[in-house]
Amino acid sequence: MAKDETASKRAAKVARDAYAFTNNLQRAFDDLLPKLKDAYGQPARDAAEMRSQHVSALLAIAQFLDQMEPDSELAHFADQFAKIAQMLRDVQNGIRVPMLEQAITSRSDQTMAWIARASVALAIDYLRQCGHSRKSAAKWAVEKYPDLQRLITEETSPCDVGGEEKHRSTDIETAIISWSRNFSSRKKIKNPAATRVYSVGLDKLKAKAPNLNREQLEDEAHRRIQNALRLYNSADAPRR
């Protein structure tokens, strides 16, 4: 009988702990979401405003982790987010922060720009499953998403994938064809994060494509391009 009572008390404690954790999670999330919306509610007008947005968001995440379990390991993670926020504040105030300084100067785009291009290359692969050539797929993409032109930047050419090639084309269709070829070759793109995104996406395509009709393949292409523009917009220079 005593064993039954002990087991019952233990089960009741587990249930109470789970209930308390769930309540804490819900309260913390309800507090976090409006803060993130407030931080990123409007496009930043300049780099300073963008840094301020990131500071607000990082502090909101730190507070979220603190609210979850103040005396747990999460408090350590919360401190890391708070430290990064303070580093950005220091930069904002003109204080030198070595960790945020550029280590090596190179002629290349940000990783998020290359990841966006990887997403475009995957969209072309989906369209090729419909019977498109690279050229017709690139034309399809540009006709539907003229904003893809923004993925051609001043820092690097569409063919400059690691410093080897210096030719620069401003024609977005030509650029898309180049990205598609270079990503599929698995040799010319030197950004490891972008090549990893492409590789994972290509594996998913190979698994899904046999079960998708033309309309579904085009829907996937739309989704990939929309994701590319969203990624690039989030990493691009602040919009005026």
# chains A, B, ... in the order shown; residues from 1 in each chain; ligands from 1

$ residues_around --residues "range 226-229 of chain A" --least-positions-apart "2" --cutoff "7 Å" --atoms "only C-alpha atoms" --output "tab-separated table (two decimals) with C-alpha atoms, in the first residue's frame"
chain	number	residue	atom	x	y	z
A	116	ALA	CA	19.49	32.81	-51.54
A	117	ARG	CA	21.18	31.91	-54.84
A	119	SER	CA	17.50	28.45	-53.29
A	120	VAL	CA	17.12	29.91	-56.79
A	222	HIS	CA	7.69	29.39	-56.55
A	223	ARG	CA	8.32	28.55	-52.89
A	224	ARG	CA	12.08	28.30	-53.39
A	231	LEU	CA	16.46	35.47	-47.25
A	232	TYR	CA	18.21	38.12	-49.31
A	233	ASN	CA	15.93	40.89	-48.11

$ residues_around --residues "Ala62 in chain A" --least-positions-apart "5" --cutoff "7 Å" --atoms "only C-alpha atoms" --output "JSON, numbers by chain"
{"A": [78, 79, 81, 82]}

$ closest_residue --among "A:Ala138, A:Asp66, A:Leu122, A:Ile95" --to "Phe29 in chain A" --atoms "only C-alpha atoms"
A:Asp66

$ closest_residue --among "A:Ile176, A:Leu32, A:Ala113, A:Met99" --to "Ala141 in chain A" --atoms "only C-alpha atoms"
A:Ile176

$ residues_around --residues "range 207-217 of chain A" --least-positions-apart "5" --cutoff "12 Å" --atoms "only C-alpha atoms" --output "PyMOL selection string"
chain A and resi 122-132+200-202+222-224

$ residues_around --residues "range 183-187 of chain A" --least-positions-apart "4" --cutoff "8 Å" --atoms "only C-alpha atoms" --output "JSON, numbers by chain"
{"A": [118, 121, 179, 195, 198]}

$ residues_around --residues "Asp31 in chain A" --least-positions-apart "5" --cutoff "12 Å" --atoms "only C-alpha atoms" --output "ChimeraX atom specification"
/A:24-26,36-38,60-68

$ closest_residue --among "A:Lys135, A:Arg89, A:Lys206, A:Lys13" --to "Glu173 in chain A" --atoms "only C-alpha atoms"
A:Lys135

$ atom_distance --atom1 "CA of Asn182 in chain A" --atom2 "CA of Arg134 in chain A"
12.2 Å

$ select_by_dssp --residues "range 128-226 of chain A" --states "helix (DSSP H, G or I)" --output "MDAnalysis selection string"
chainID A and resid 128:129 134:144 146:151 172:185 192:211 214:226

$ atom_distance --atom1 "CA of Val55 in chain A" --atom2 "CA of Arg96 in chain A"
16.6 Å

$ residues_around --residues "Leu88 in chain A" --least-positions-apart "3" --cutoff "12 Å" --atoms "only C-alpha atoms" --output "PyMOL selection string"
chain A and resi 47-59+81-85+91-101

$ atom_distance --atom1 "CA of Ala194 in chain A" --atom2 "CA of Thr111 in chain A"
6.9 Å
